[in-house]
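As structure tokens, the structure follows; a few thoughts come after it.
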Amino acid sequence: MTRLNRRHILSLMGATALTGCAPAISTTQLGDDPFEGGIGGTGIVGLMTGAGSVLLNGLRVEIPNTTRIFANGSAASDSMLVPGTALSMVAYARRGRFEAQQIDIDAPLIGTLTRTSRGFAINGTSVQIARAAAFAGQRVAAHGLWQPDGSLRGSLVQAIPSDTDSVAGVAVGSPGTGWKIGQTPVALPEGGILIAGQFAIAAGKFADGTLTATSLELGRFRGGQALRQLSIEGYLEPITAAPGFRISGLGHSFDRRLALNPFAQARALYFGPYDGRFRARRAVVLPENQGTRQALLRPAEGENFAQGLTGTAAKPIDAQ
């Protein structure tokens with residue numbers, strides 16, 4: 001993994017503050033740069049598509065020596081950054097070059113991969129993943145994207161020695177009816193509190209159909225950074241609150257004015273300003289074929305964002 005030296009770091013550092021009141025959403029004259037001059041203070045959530053720097057959501061992001069990297073809450077090295085890994089990254093930019101400040105590797109599911117009558121599951125949650133049969137009965141970490149039905153469409157499965165089970169996603173339920181993350185029933189640790197729609201990581205022991213959590217982490221970006229923009233890959237799932245959708249397994253409340261129906265059935269990459277709500281301005285509909293998708297999202301040599309993020313591939317998101 002390529003890291004920058006101190007001279008590069010000093011020349012690239014840029015900081016931004018959270019924007020104030022949100023102006024009316026405009027989808028005209030978006031320009032050729034999908035991040036309008038830089039992604040300083042941007043949260044990037046998606047699946048890593050390439051190495052040699054980190055290729056994520058169509059961006060090339062450098063990893064300086066100062067980047068903080070965590071895997072399931074513990075300090076980790078950049079050797080864990082491999083294609084298919086689910087990442088949450090806070091990045092800053094200056095002069096068109098991007099660098100990561102913090103990277104969290106939160107595998108959606110960690111546990112024993114078991115066979116079911118319908119395929120495979122981890123902690124009671126159905127998973128669709130290539131080569132799953134080769135890992136049946138083993139302890140694994142599964143990466144991928146959450147589906148609207150609470151299952152996981154996998155991108156990477158890795159055998160791991162950990163005996164702690166965990167699930168990372170949006171909490172569904174209530175204190176009265178009980179909680180689920182994905183399709184996994186979760187019993188909270190003593191004193192644990194969840195809010196429906198909140199991103200959480202519950203870790204403990206899965207047995208008798210329930211993950212009994214001994215620890216609970218809340219929120220996807222846990223470093224306290226102020227974000228100006230978001231870039232998120234995922235599927236939409238319907239909800240009752242306006243605008244009628246959220247990103248499956250991730251939450252990230254959209255601006256209530258957005259018209260998201262055109263993307264309801266699509267795997268897509270969304271990006272735009274963030275001011276407490278995600279005012280996504282563009283979406284790139286992604287093919288399911290892994291090779292085609294990686295080609296679309298791979299920046300050319302010497303470029304920092306892929307051509308697929310601009311032009312006709314990037315659809316403006318209208319306001320209602």
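FYI, nothing fancy with the structure tokens labels: chains A, B, ... in order, residues from 1 per chain, ligands from 1 as they appear.
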Could you name the residues that touch stretch 251-260 of chain A at 10 Å or less, counting only C-alpha atoms, but leaving out those on the same chain fewer than 4 positions away, as a CSV table (one decimal) with N, CA and C atoms, in the first residue's frame?
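Just written: result-v6.csv:
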chain,number,residue,atom,x,y,z
A,22,ALA,N,-28.6,24.8,4.6
A,22,ALA,CA,-28.6,24.2,3.3
A,22,ALA,C,-29.4,25.1,2.3
A,24,ALA,N,-31.2,25.8,-1.5
A,24,ALA,CA,-32.1,25.0,-2.3
A,24,ALA,C,-31.2,24.1,-3.2
A,25,ILE,N,-31.7,22.8,-3.4
A,25,ILE,CA,-30.9,21.9,-4.2
A,25,ILE,C,-30.9,22.3,-5.6
A,169,GLY,N,-24.6,-2.9,11.0
A,169,GLY,CA,-25.6,-2.4,10.1
A,169,GLY,C,-26.6,-1.5,10.8
A,170,VAL,N,-27.7,-1.3,10.1
A,170,VAL,CA,-28.8,-0.4,10.7
A,170,VAL,C,-29.7,-1.2,11.6
A,171,ALA,N,-29.9,-0.7,12.8
A,171,ALA,CA,-30.8,-1.3,13.8
A,171,ALA,C,-32.3,-1.1,13.4
A,196,ALA,N,-34.0,3.1,16.3
A,196,ALA,CA,-34.3,2.5,15.0
A,196,ALA,C,-33.7,3.4,13.9
A,197,GLY,N,-33.1,2.8,12.9
A,197,GLY,CA,-32.4,3.5,11.9
A,197,GLY,C,-31.0,3.9,12.1
A,198,GLN,N,-30.5,3.6,13.3
A,198,GLN,CA,-29.2,4.0,13.7
A,198,GLN,C,-28.2,2.9,13.3
A,199,PHE,N,-27.0,3.3,12.7
A,199,PHE,CA,-26.0,2.3,12.4
A,199,PHE,C,-25.3,1.9,13.7
A,219,GLY,N,-22.8,4.5,15.3
A,219,GLY,CA,-22.4,5.5,14.3
A,219,GLY,C,-21.3,5.0,13.3
A,220,ARG,N,-21.4,5.4,12.1
A,220,ARG,CA,-20.5,4.9,11.1
A,220,ARG,C,-19.2,5.7,11.1
A,230,LEU,N,-20.7,13.4,1.2
A,230,LEU,CA,-20.7,12.0,1.3
A,230,LEU,C,-20.6,11.4,0.0
A,232,ILE,N,-21.4,7.4,-1.2
A,232,ILE,CA,-21.9,6.1,-0.6
A,232,ILE,C,-22.4,5.2,-1.7
A,236,LEU,N,-31.1,1.0,-2.2
A,236,LEU,CA,-32.1,1.7,-1.4
A,236,LEU,C,-33.1,0.7,-0.8
A,237,GLU,N,-33.6,1.1,0.4
A,237,GLU,CA,-34.7,0.3,0.9
A,237,GLU,C,-35.8,1.3,1.3
A,241,ALA,N,-40.7,7.6,6.3
A,241,ALA,CA,-40.3,9.0,6.3
A,241,ALA,C,-39.9,9.5,5.0
A,242,ALA,N,-40.1,10.8,4.7
A,242,ALA,CA,-39.6,11.4,3.4
A,242,ALA,C,-38.1,11.4,3.4
A,243,PRO,N,-37.5,11.1,2.2
A,243,PRO,CA,-38.1,11.0,0.9
A,243,PRO,C,-38.6,9.6,0.5
A,244,GLY,N,-38.7,8.7,1.5
A,244,GLY,CA,-39.2,7.4,1.2
A,244,GLY,C,-38.2,6.3,1.1
A,245,PHE,N,-36.9,6.6,1.2
A,245,PHE,CA,-35.8,5.7,1.1
A,245,PHE,C,-34.7,6.0,2.0
A,246,ARG,N,-33.9,5.0,2.4
A,246,ARG,CA,-32.6,5.1,3.0
A,246,ARG,C,-31.7,4.1,2.3
A,247,ILE,N,-30.4,4.2,2.6
A,247,ILE,CA,-29.5,3.2,2.0
A,247,ILE,C,-29.4,2.0,2.9
A,264,ALA,N,-34.8,3.2,-7.2
A,264,ALA,CA,-35.3,2.3,-6.1
A,264,ALA,C,-34.8,0.9,-6.3
A,273,PRO,N,-23.5,17.0,-1.2
A,273,PRO,CA,-23.2,17.7,0.1
A,273,PRO,C,-23.9,17.0,1.3
A,274,TYR,N,-23.4,17.3,2.5
A,274,TYR,CA,-23.9,16.7,3.7
A,274,TYR,C,-24.0,17.8,4.7
A,275,ASP,N,-25.1,18.0,5.3
A,275,ASP,CA,-25.2,19.0,6.4
A,275,ASP,C,-26.1,18.5,7.6
A,276,GLY,N,-25.9,17.2,7.8
A,276,GLY,CA,-26.8,16.5,8.8
A,276,GLY,C,-27.8,15.6,8.1
A,277,ARG,N,-28.1,16.0,6.8
A,277,ARG,CA,-28.8,15.1,5.9
A,277,ARG,C,-28.0,15.1,4.6
A,278,PHE,N,-28.2,14.0,3.9
A,278,PHE,CA,-27.4,13.7,2.7
A,278,PHE,C,-28.2,14.3,1.5
A,279,ARG,N,-27.6,15.5,1.0
A,279,ARG,CA,-28.3,16.1,-0.1
A,279,ARG,C,-27.6,15.6,-1.4
A,280,ALA,N,-27.8,14.3,-1.7
A,280,ALA,CA,-27.1,13.7,-2.8
A,280,ALA,C,-27.6,14.4,-4.1
A,281,ARG,N,-26.6,14.8,-4.9
A,281,ARG,CA,-26.9,15.5,-6.2
A,281,ARG,C,-26.7,14.6,-7.4
A,283,ALA,N,-26.2,10.3,-8.9
A,283,ALA,CA,-26.1,8.9,-8.7
A,283,ALA,C,-25.6,8.2,-10.0
A,317,ILE,N,-29.9,14.0,-9.4
A,317,ILE,CA,-31.0,13.6,-8.6
A,317,ILE,C,-31.9,14.9,-8.4
A,318,ASP,N,-33.1,14.8,-8.9
A,318,ASP,CA,-34.0,15.9,-8.8
A,318,ASP,C,-34.6,16.1,-7.4
A,319,ALA,N,-35.0,17.3,-7.2
A,319,ALA,CA,-35.7,17.7,-5.9
A,319,ALA,C,-37.2,17.6,-6.2
A,320,GLN,N,-38.0,17.1,-5.2
A,320,GLN,CA,-39.5,17.0,-5.4
A,320,GLN,C,-40.1,18.4,-5.1
* Could you name the residues that touch A:Ala51 at 10 Å or less, counting only C-alpha atoms, but leaving out those on the same chain fewer than 2 positions away, as a PyMOL selection string? -> chain A and resi 1-2+48-49+53-56+60-61+81-83
Quick one: everything within 6 Å of stretch 148-150 of chain A, counting only C-alpha atoms, minus sequence neighbours fewer than 6 positions away in the same chain. Send it as a PDB file with C-alpha atoms, in the first residue's frame.
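Dumped everything to result_28.pdb:
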ATOM      1  CA  GLY A 182     -29.688  -7.335   9.025  1.00  0.00           C
ATOM      2  CA  GLN A 183     -31.606 -10.559   9.683  1.00  0.00           C
ATOM      3  CA  GLU A 237     -34.733   0.345   0.946  1.00  0.00           C
ATOM      4  CA  SER A 248     -29.839  -0.416   3.018  1.00  0.00           C
TER       5      SER A 248
END
* Selected residue of minimal separation from A:Ser166 among A:Glu217, A:Asp78, A:Glu62, A:Glu288, counting only C-alpha atoms ->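 Ranking A:Glu217, A:Asp78, A:Glu62, A:Glu288 by distance to A:Ser166, first place goes to A:Glu217.
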* Could you state the separation of atom CA of A:Gly137 and atom CA of A:Pro185 in Å, given to one decimal place? ->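 Answer for the atom CA of A:Gly137 to atom CA of A:Pro185 separation: 20.5 Å.
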* Asked: For A:Thr66, which residue among A:Ala86, A:Ala133, A:Ala100, A:Ala121 is the nearest when counting only C-alpha atoms?
  -> A:Ala100
* **Contacts of A:Ala159 at 10 Å (only C-alpha atoms; same-chain gap of 4+ positions) as a ChimeraX atom specification** => /A:110-113,135,138-142
Same residues, N, CA and C atoms, output as a short mmCIF file (atom, residue, chain, number, x, y, z; two decimals), in the first residue's frame:
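Written file, out.cif:
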data_model
loop_
_atom_site.label_atom_id
_atom_site.label_comp_id
_atom_site.auth_asym_id
_atom_site.auth_seq_id
_atom_site.Cartn_x
_atom_site.Cartn_y
_atom_site.Cartn_z
N ILE A 110 -19.38 -11.10 11.05
CA ILE A 110 -18.28 -11.96 11.49
C ILE A 110 -18.90 -13.09 12.30
N GLY A 111 -18.60 -14.31 11.91
CA GLY A 111 -19.16 -15.47 12.60
C GLY A 111 -18.90 -16.74 11.83
N THR A 112 -19.61 -17.79 12.15
CA THR A 112 -19.46 -19.07 11.48
C THR A 112 -20.36 -19.12 10.24
N LEU A 113 -19.78 -19.45 9.11
CA LEU A 113 -20.55 -19.58 7.87
C LEU A 113 -21.22 -20.95 7.87
N PHE A 135 -15.81 -22.18 2.42
CA PHE A 135 -15.62 -21.69 3.78
C PHE A 135 -16.69 -22.23 4.74
N GLN A 138 -16.52 -22.64 8.72
CA GLN A 138 -15.37 -21.90 9.23
C GLN A 138 -15.80 -20.56 9.82
N ARG A 139 -14.92 -20.01 10.67
CA ARG A 139 -15.08 -18.66 11.18
C ARG A 139 -14.63 -17.69 10.11
N VAL A 140 -15.49 -16.73 9.74
CA VAL A 140 -15.16 -15.83 8.63
C VAL A 140 -15.61 -14.41 8.94
N ALA A 141 -15.01 -13.48 8.21
CA ALA A 141 -15.50 -12.11 8.09
C ALA A 141 -16.04 -11.96 6.68
N ALA A 142 -17.28 -11.51 6.55
CA ALA A 142 -17.91 -11.33 5.25
C ALA A 142 -18.13 -9.85 4.99
#
* At what distance in Å, to one decimal, does atom CA of A:Val186 lie from atom CA of A:Ala213? ->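 Separating atom CA of A:Ala213 from atom CA of A:Val186 is a distance of 6.8 Å.
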* Find the residue from A:Ala187, A:Leu87, A:Gly204, A:Thr312 that sits nearest to A:Ser155; use only C-alpha atoms when measuring. =>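 Closest residue, counting only C-alpha atoms: A:Leu87.
Each of A:Gly58, A:Pro189, A:Pro34, A:Gly178 was compared to A:Leu296 using only C-alpha atoms, and A:Gly58 turns out to be the nearest.
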* Asked: Which of these residues is nearest to A:Arg267, using only C-alpha atoms: A:Ile193, A:Leu286, A:Leu250, A:Leu59?
  ->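 Of all the options, A:Leu286 lies closest to A:Arg267.
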* Tell me, which residues of stretch 44-210 of chain A carry DSSP strand (DSSP E), written as an NGL selection string? -> :A and (44-50 or 54-56 or 59-62 or 68-71 or 74-75 or 86-94 or 97-105 or 109-116 or 119-122 or 125-128 or 139-146 or 152-159 or 165-174 or 178-181 or 184-187 or 199-207 or 210)
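Taking atom CA of A:Val167 as the reference point, atom CA of A:Ser74 is found at 15.6 Å.
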